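Chemist: Below is one structure. I have some questions about it.
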Amino acid sequence: MTRATATPDRTDVSRPTGVPWYLWCAALAVTSAYVGGYWDISWHRSIGRDSFWSAPHMAIYACGVLAGIASAYLIFSTTFGRQASLRDVSVRIWGFSGPLGAFICAWGGLAMLASAPFDDWWHNAYGLDVKIISPPHMVLALGFFGIEFGAVMLMLAFMNRATETTRRRLQWLFLYVGGMAISESLLIKMEYIARPDMHNALFYIVVVLGTPAILIALAVASGQRWHC
């Protein structure tokens, strides 16, 4: 006589049936960086250089914290067992396993947080400038572009393995994060693409630096030709 035994339901997280919280967290991180960056520029123009602990700065660096939480969870849970099924679709770096996008997000978060003391030291040493293009700001920009790229890679990986319904949701989230990446790239160029600069050829050269490449990459990866 065969005895029936109950087998626990183990969800294969490598094929998501819903949008995981860490992808929402990554999208929130990207949003926080853009809102904080735009707010910070407006803050400096209207108030001037304020405390390092100003609200826009906290919004910017929240991006690194949120990305760090999402990527750390993915890497540690994949490495130590809670999401072991992700190991087959993960990379291994320094003994840790996780999706490639999670490692890129983690690097971006570290770069963003490392730029904070660098920026504070820079202003203490060289004065309270309000330039967008400066060494600490470029480290910061590399960090949040790393987070954006990592988030896009994460969403693309999950999107390609998701069920049809979830894939549709992930596709829109993917396009949203991609749109944030385009907006961030233009924000960095703001000093050269103000309205009066439209009479100068440099305006158009700066605008097209990287922008068409991002648009085409997003259109191809998402499968939405209209996106470009």
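Following the order of the structure tokens, first chain is A, next is B, and so on, with residues numbered from 1 inside each chain and ligands from 1 in the order they appear.
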Do you know which residues are at most 9 Å from Val65 of chain A counting only C-alpha atoms, after dropping those on the same chain fewer than 4 positions away, and could you put them as a list in words?
Modeler: Ala29, Tyr61, Ile69, Ala70, Gly109, Leu110 and Leu113 of chain A
Chemist: Compare A:Asp197, A:Glu184, A:Glu148, A:Glu191 by their minimum atom-to-atom distance to Cys105 of chain A, counting only C-alpha atoms, and give me the closest one.
Modeler: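 Once distances to Cys105 of chain A are computed over only C-alpha atoms, the minimum belongs to A:Glu148.
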Chemist: Quick one: DSSP helix (DSSP H, G or I) residues in segment 41-170 of chain A, as an NGL selection string?
Modeler: :A and (41-46 or 55-80 or 84-89 or 100-126 or 135-161 or 164-170)
Chemist: Could you save the residues just selected, with C-alpha atoms, as a compact mmCIF listing (two decimals), in the first residue's frame?
Modeler:
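Wrote it out as selection.txt, contents follow:
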```txt
# COMPACT_ATOMS: atom_id res chain seq x y z
CA ILE A 41 20.04 71.64 -8.06
CA SER A 42 16.92 73.72 -7.36
CA TRP A 43 17.93 73.98 -3.70
CA HIS A 44 21.39 75.31 -4.57
CA ARG A 45 19.99 77.80 -7.06
CA SER A 46 17.42 79.22 -4.65
CA ALA A 55 16.78 67.08 2.52
CA PRO A 56 17.83 66.78 -1.16
CA HIS A 57 21.11 65.14 -0.16
CA MET A 58 19.27 62.63 1.98
CA ALA A 59 16.99 61.80 -0.95
CA ILE A 60 20.01 61.27 -3.20
CA TYR A 61 21.87 59.02 -0.79
CA ALA A 62 18.69 57.10 0.00
CA CYS A 63 19.18 55.69 -3.49
CA GLY A 64 22.41 54.00 -2.42
CA VAL A 65 20.83 52.67 0.77
CA LEU A 66 17.77 51.26 -0.98
CA ALA A 67 19.85 49.69 -3.74
CA GLY A 68 22.16 48.24 -1.11
CA ILE A 69 19.24 46.66 0.76
CA ALA A 70 17.79 45.09 -2.39
CA SER A 71 21.11 43.81 -3.73
CA ALA A 72 22.36 42.58 -0.34
CA TYR A 73 19.16 40.60 0.17
CA LEU A 74 19.42 39.01 -3.27
CA ILE A 75 23.11 38.16 -2.94
CA PHE A 76 22.96 36.79 0.61
CA SER A 77 19.72 34.88 0.12
CA THR A 78 21.04 33.31 -3.08
CA THR A 79 24.37 32.45 -1.49
CA PHE A 80 23.07 31.08 1.80
CA ALA A 84 18.86 28.74 -3.83
CA SER A 85 16.95 28.24 -7.09
CA LEU A 86 18.44 31.52 -8.31
CA ARG A 87 21.93 30.02 -8.21
CA ASP A 88 21.44 28.39 -11.60
CA VAL A 89 20.86 31.80 -13.17
CA LEU A 100 24.63 40.04 -12.08
CA GLY A 101 22.35 43.05 -11.73
CA ALA A 102 22.46 42.73 -7.94
CA PHE A 103 26.26 42.94 -7.93
CA ILE A 104 26.18 45.98 -10.22
CA CYS A 105 23.61 47.65 -7.95
CA ALA A 106 25.77 46.88 -4.92
CA TRP A 107 28.79 48.48 -6.57
CA GLY A 108 26.73 51.53 -7.52
CA GLY A 109 25.43 51.88 -3.98
CA LEU A 110 28.94 51.73 -2.54
CA ALA A 111 30.15 54.33 -5.04
CA MET A 112 27.30 56.66 -4.13
CA LEU A 113 27.92 56.35 -0.41
CA ALA A 114 31.68 56.76 -0.91
CA SER A 115 31.07 60.01 -2.78
CA ALA A 116 29.40 61.56 0.30
CA PRO A 117 32.54 62.13 2.43
CA PHE A 118 34.48 62.97 -0.76
CA ASP A 119 31.95 65.69 -1.60
CA ASP A 120 32.01 67.06 1.95
CA TRP A 121 35.82 67.16 1.95
CA TRP A 122 35.88 68.79 -1.50
CA HIS A 123 33.65 71.65 -0.42
CA ASN A 124 35.55 72.13 2.83
CA ALA A 125 38.85 72.24 0.93
CA TYR A 126 37.91 74.20 -2.20
CA PRO A 135 34.99 65.14 -9.18
CA PRO A 136 32.80 64.10 -6.22
CA HIS A 137 29.65 64.63 -8.24
CA MET A 138 31.05 62.43 -11.02
CA VAL A 139 31.72 59.66 -8.50
CA LEU A 140 28.13 60.09 -7.34
CA ALA A 141 26.90 59.99 -10.94
CA LEU A 142 28.86 56.81 -11.65
CA GLY A 143 27.22 55.30 -8.60
CA PHE A 144 23.65 56.04 -9.53
CA PHE A 145 24.22 55.11 -13.17
CA GLY A 146 25.59 51.82 -11.85
CA ILE A 147 22.43 51.36 -9.80
CA GLU A 148 20.26 52.18 -12.80
CA PHE A 149 22.16 49.77 -15.03
CA GLY A 150 22.03 47.07 -12.37
CA ALA A 151 18.29 47.61 -11.86
CA VAL A 152 17.69 47.38 -15.60
CA MET A 153 19.73 44.16 -15.79
CA LEU A 154 17.82 42.69 -12.85
CA MET A 155 14.43 43.53 -14.31
CA LEU A 156 15.41 42.27 -17.74
CA ALA A 157 16.58 38.95 -16.29
CA PHE A 158 13.39 38.45 -14.28
CA MET A 159 11.26 39.66 -17.19
CA ASN A 160 12.72 37.04 -19.52
CA ARG A 161 11.87 34.23 -17.07
CA GLU A 164 3.08 36.22 -19.24
CA THR A 165 1.12 38.35 -16.76
CA THR A 166 4.14 39.15 -14.62
CA ARG A 167 6.26 39.80 -17.68
CA ARG A 168 3.89 42.58 -18.70
CA ARG A 169 4.22 44.26 -15.30
CA LEU A 170 7.98 43.88 -15.30
```
Chemist: If DSSP is run on the backbone, what residues of segment 45-144 of chain A are strand (DSSP E or B)? A reply as a PDB file with C-alpha atoms, in the first residue's frame would be ideal.
Modeler:
```pdb
ATOM      1  CA  VAL A  91      27.061  34.628 -11.202  1.00  0.00           C
ATOM      2  CA  ARG A  92      29.621  33.943  -8.489  1.00  0.00           C
ATOM      3  CA  ILE A  93      31.940  36.714  -7.309  1.00  0.00           C
ATOM      4  CA  PHE A  96      29.024  35.087  -3.207  1.00  0.00           C
ATOM      5  CA  SER A  97      26.282  34.117  -5.647  1.00  0.00           C
ATOM      6  CA  GLY A  98      23.595  36.355  -7.034  1.00  0.00           C
TER       7      GLY A  98
END
```
Chemist: Residues at most 12 Å from Leu209 of chain A, counting only C-alpha atoms, excluding those fewer than 6 positions away in the same chain, as a PyMOL selection string?
Modeler: chain A and resi 182+185-186+188-189+192-193+202-203+215
Chemist: Once you have the residues from the selection above, write them out as a short mmCIF file (atom, residue, chain, number, x, y, z; two decimals), in the first residue's frame, restricted to N, CA and C atoms.
Modeler:
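Dumped to result11.cif:
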```cif
data_model
loop_
_atom_site.label_atom_id
_atom_site.label_comp_id
_atom_site.auth_asym_id
_atom_site.auth_seq_id
_atom_site.Cartn_x
_atom_site.Cartn_y
_atom_site.Cartn_z
N ILE A 182 17.37 57.89 -18.67
CA ILE A 182 17.48 58.96 -19.66
C ILE A 182 17.39 60.33 -18.98
N SER A 185 20.58 61.13 -17.17
CA SER A 185 21.67 61.50 -18.07
C SER A 185 21.53 62.95 -18.53
N LEU A 186 20.30 63.39 -18.74
CA LEU A 186 20.07 64.79 -19.13
C LEU A 186 20.26 65.73 -17.95
N ILE A 188 22.48 65.44 -15.58
CA ILE A 188 23.92 65.65 -15.44
C ILE A 188 24.42 66.70 -16.43
N LYS A 189 23.77 66.76 -17.59
CA LYS A 189 24.20 67.68 -18.65
C LYS A 189 23.55 69.06 -18.54
N TYR A 192 24.89 72.48 -19.63
CA TYR A 192 25.19 72.73 -21.04
C TYR A 192 23.96 72.70 -21.94
N ILE A 193 22.79 72.40 -21.36
CA ILE A 193 21.61 72.25 -22.22
C ILE A 193 20.45 73.12 -21.72
N LEU A 202 26.99 73.26 -29.35
CA LEU A 202 27.39 72.41 -28.23
C LEU A 202 26.17 71.80 -27.54
N PHE A 203 25.08 72.54 -27.51
CA PHE A 203 23.84 72.05 -26.90
C PHE A 203 23.44 70.70 -27.51
N LEU A 215 18.10 54.96 -25.61
CA LEU A 215 16.77 54.77 -26.20
C LEU A 215 16.71 53.49 -27.03
#
```
Chemist: What does the distance from atom CA of Trp53 of chain A to atom CA of Ile132 of chain A come to in Å, to one decimal?
Modeler: 18.0 Å
Chemist: Quote the spacing between atom CA of Gln171 of chain A and atom CA of Ser222 of chain A in Å to one decimal place.
Modeler: 6.4 Å
